[in-house]
Amino acid sequence: MKLGRLNHIGVATPDLDASIAFYRNVMGATDVTEPFVLESQQVRVCFVNTPGENGTAGTQIELLQPTSSDSAVGKWLEKNPLGGQHHICYEVPDIHAAKAWFEGLGKRVLGEPRIGAHGTLIFFVHPKDMGGQLTEIMETPKDGHH
Ligand SMILES: CC[C@@H](C(=O)O)C(=O)SCCNC(=O)CCNC(=O)[C@H](O)C(C)(C)COP(=O)(O)OP(=O)(O)OC[C@H]1O[C@@H](n2cnc3c(N)ncnc32)[C@H](O)[C@@H]1OP(=O)(O)O
Ligand SMILES: [Co+2]
């Protein structure tokens, strides 16, 4: 497998609206998407688009608020009440080949690939098998749109 584009950094928050205000007022973000709920992951999510070089799309901060305390992000916030960096997401051209790659290395792929917030298939690899870093793998959008 070859290292792909860093698509987003997942940042968990107990209060999505407060985090949006933070990125706008403290970090000077000007390009923040409308929040939406992704039921399959029990999160309310939006993206802070960071500037890229010469017109290319920069990477994104993916802001995540749990819709239930009994969820991956809800559980994580119990241990990290202020929120913060939760996962990192890289793009791959072929999600199934990538899944086989990690499984071949004996790393725990969490569940079957499912549609993520960008409308393409994603999966996660267990943080304990990844140097402590919860790692999301996402199939690159076909239209190249990030
Ligand atoms: C917006 C949609 C989508 C996208 O398109 O981008 C998303 O990003 S959704 C993001 C939220 N969904 C997920 O994170 C799904 C994958 N995560 C999981 O399946 C679970 O969170 C987990 C990784 C399996 C952990 O769940 P669980 O084992 O039930 O929780 P524990 O608290 O017992 O954790 C065990 C162990 O792992 C450590 N841990 C948990 N989460 C993280 C994390 N984000 N980063 C690093 N380490 C993490 C936790 O601290 C425990 O370690 P010890 O305390 O040392 O035992
Ligand atoms: Co993500």
# chains A, B, ... in the order shown; residues from 1 in each chain; ligands from 1

call {"tool": "residues_around", "arguments": {"residues": "Leu134 in chain A", "least_positions_apart": "2", "cutoff": "9 Å", "atoms": "only C-alpha atoms", "output": "PDB file with C-alpha atoms, in the first residue's frame"}}
result
ATOM      1  CA  HIS A  86      -9.720  11.751  17.761  1.00  0.00           C
ATOM      2  CA  HIS A  87      -8.570  10.130  14.501  1.00  0.00           C
ATOM      3  CA  ILE A  88      -6.650  10.678  11.302  1.00  0.00           C
ATOM      4  CA  CYS A  89      -8.020   9.785   7.862  1.00  0.00           C
ATOM      5  CA  PHE A 124     -11.067   2.168  10.886  1.00  0.00           C
ATOM      6  CA  VAL A 125      -7.987   0.326  12.184  1.00  0.00           C
ATOM      7  CA  HIS A 126      -7.743  -0.199  15.928  1.00  0.00           C
ATOM      8  CA  PRO A 127      -5.554   2.414  17.659  1.00  0.00           C
ATOM      9  CA  LYS A 128      -3.751  -0.223  19.705  1.00  0.00           C
ATOM     10  CA  ASP A 129      -2.430  -1.758  16.480  1.00  0.00           C
ATOM     11  CA  MET A 130      -1.466   1.665  15.073  1.00  0.00           C
ATOM     12  CA  GLY A 131       0.859   3.152  17.636  1.00  0.00           C
ATOM     13  CA  GLY A 132      -2.031   4.588  19.640  1.00  0.00           C
ATOM     14  CA  GLU A 136      -9.512   5.897   9.291  1.00  0.00           C
TER      15      GLU A 136
END

call {"tool": "closest_atom_pairs", "arguments": {"of": "range 69-102 of chain A", "to": "range 8-19 of chain A", "cutoff": "12 Å", "atoms": "only C-alpha atoms", "output": "CSV"}}
result
residue,atom,partner,partner_atom,distance
A:Ser69,CA,A:Pro14,CA,10.3
A:Ala72,CA,A:Ala12,CA,10.3
A:Val73,CA,A:Ala12,CA,6.7
A:Gly74,CA,A:Pro14,CA,8.5
A:Lys75,CA,A:Ala12,CA,10.8
A:Trp76,CA,A:Ala12,CA,8.3
A:Leu77,CA,A:Pro14,CA,7.2
A:Glu78,CA,A:Pro14,CA,9.7
A:Lys79,CA,A:Ala12,CA,11.6
A:Asn80,CA,A:Ala12,CA,9.0
A:Pro81,CA,A:Pro14,CA,7.2
A:Leu82,CA,A:Thr13,CA,6.8
A:Gly83,CA,A:Thr13,CA,4.5
A:Gly84,CA,A:Val11,CA,5.1
A:Gln85,CA,A:Val11,CA,4.5
A:His86,CA,A:Val11,CA,5.2
A:His87,CA,A:Gly10,CA,4.8
A:Ile88,CA,A:Ile9,CA,4.6
A:Cys89,CA,A:His8,CA,5.2
A:Tyr90,CA,A:His8,CA,7.2
A:Glu91,CA,A:His8,CA,9.2

call {"tool": "residues_around", "arguments": {"residues": "Ala97 in chain A", "least_positions_apart": "6", "cutoff": "12 Å", "atoms": "only C-alpha atoms", "output": "list in words"}}
result
Met1, Lys2, Glu103, Gly104, Pro113, Phe123, Ile137, Met138 and Glu139 of chain A

call {"tool": "atom_distance", "arguments": {"atom1": "atom 37 (O, counted along the ligand's line) of ligand 1", "atom2": "CA of Leu64 in chain A"}}
result
17.7 Å

call {"tool": "residues_around", "arguments": {"residues": "Thr67 in chain A", "least_positions_apart": "4", "cutoff": "9 Å", "atoms": "only C-alpha atoms", "output": "PyMOL selection string"}}
result
chain A and resi 37+39+41-44+71+73-74

call {"tool": "atom_distance", "arguments": {"atom1": "CA of Arg114 in chain A", "atom2": "CA of Lys99 in chain A"}}
result
12.0 Å

call {"tool": "closest_residue", "arguments": {"among": "A:Phe47, A:Ala98, A:Leu3, A:Pro93", "to": "Pro35 in chain A", "atoms": "only C-alpha atoms"}}
result
A:Phe47

call {"tool": "closest_residue", "arguments": {"among": "A:Thr140, A:Thr59, A:Ser40, A:Ser68", "to": "ligand 1", "atoms": "only C-alpha atoms and all ligand atoms"}}
result
A:Ser40

call {"tool": "select_by_dssp", "arguments": {"residues": "range 25-134 of chain A", "states": "strand (DSSP E or B)", "output": "MDAnalysis selection string"}}
result
chainID A and resid 32 36:38 43:51 57:66 84:92 109:115 121:125

call {"tool": "residues_around", "arguments": {"residues": "Thr50 in chain A", "least_positions_apart": "3", "cutoff": "9 Å", "atoms": "only C-alpha atoms", "output": "JSON, numbers by chain"}}
result
{"A": [29, 30, 31, 57, 58, 59, 60, 61]}

call {"tool": "write_last_selection", "arguments": {"atoms": "N, CA, C and O atoms", "output": "tab-separated table (two decimals), in the first residue's frame"}}
result
chain	number	residue	atom	x	y	z
A	29	ALA	N	-10.92	30.64	10.58
A	29	ALA	CA	-11.48	29.79	9.50
A	29	ALA	C	-12.58	30.58	8.78
A	29	ALA	O	-13.39	31.27	9.42
A	30	THR	N	-12.59	30.47	7.45
A	30	THR	CA	-13.63	31.15	6.69
A	30	THR	C	-14.50	30.16	5.91
A	30	THR	O	-15.54	30.52	5.39
A	31	ASP	N	-14.07	28.92	5.85
A	31	ASP	CA	-14.77	27.93	5.01
A	31	ASP	C	-15.17	26.74	5.90
A	31	ASP	O	-14.41	25.79	6.06
A	57	ALA	N	-7.25	21.63	-2.93
A	57	ALA	CA	-7.98	21.57	-1.66
A	57	ALA	C	-6.99	21.23	-0.54
A	57	ALA	O	-6.19	20.30	-0.67
A	58	GLY	N	-7.05	22.00	0.54
A	58	GLY	CA	-6.21	21.66	1.69
A	58	GLY	C	-6.86	20.49	2.42
A	58	GLY	O	-7.85	19.93	1.95
A	59	THR	N	-6.30	20.11	3.56
A	59	THR	CA	-6.93	19.04	4.32
A	59	THR	C	-8.06	19.66	5.15
A	59	THR	O	-8.30	20.87	5.09
A	60	GLN	N	-8.80	18.80	5.84
A	60	GLN	CA	-9.97	19.28	6.59
A	60	GLN	C	-9.83	18.90	8.05
A	60	GLN	O	-9.25	17.86	8.39
A	61	ILE	N	-10.40	19.75	8.89
A	61	ILE	CA	-10.67	19.36	10.28
A	61	ILE	C	-12.12	18.88	10.29
A	61	ILE	O	-13.03	19.60	9.86

call {"tool": "closest_residue", "arguments": {"among": "A:Ile20, A:Leu38, A:Val32, A:Ile95", "to": "ligand 1", "atoms": "only C-alpha atoms and all ligand atoms"}}
result
A:Leu38

call {"tool": "closest_residue", "arguments": {"among": "A:Cys46, A:Val92, A:Leu105, A:Ala100", "to": "ligand 2", "atoms": "only C-alpha atoms and all ligand atoms"}}
result
A:Cys46

call {"tool": "select_by_dssp", "arguments": {"residues": "range 33-135 of chain A", "states": "alpha helix (DSSP H)", "output": "PyMOL selection string"}}
result
chain A and resi 72-79+95-104

call {"tool": "atom_distance", "arguments": {"atom1": "atom 55 (O, counted along the ligand's line) of ligand 1", "atom2": "CA of Gly111 in chain A"}}
result
20.3 Å

call {"tool": "closest_residue", "arguments": {"among": "A:Val48, A:Val26, A:Asn7, A:Ala21", "to": "ligand 1", "atoms": "only C-alpha atoms and all ligand atoms"}}
result
A:Asn7

call {"tool": "closest_residue", "arguments": {"among": "A:Gly4, A:Gly106, A:Pro66, A:Pro141", "to": "ligand 1", "atoms": "only C-alpha atoms and all ligand atoms"}}
result
A:Pro66
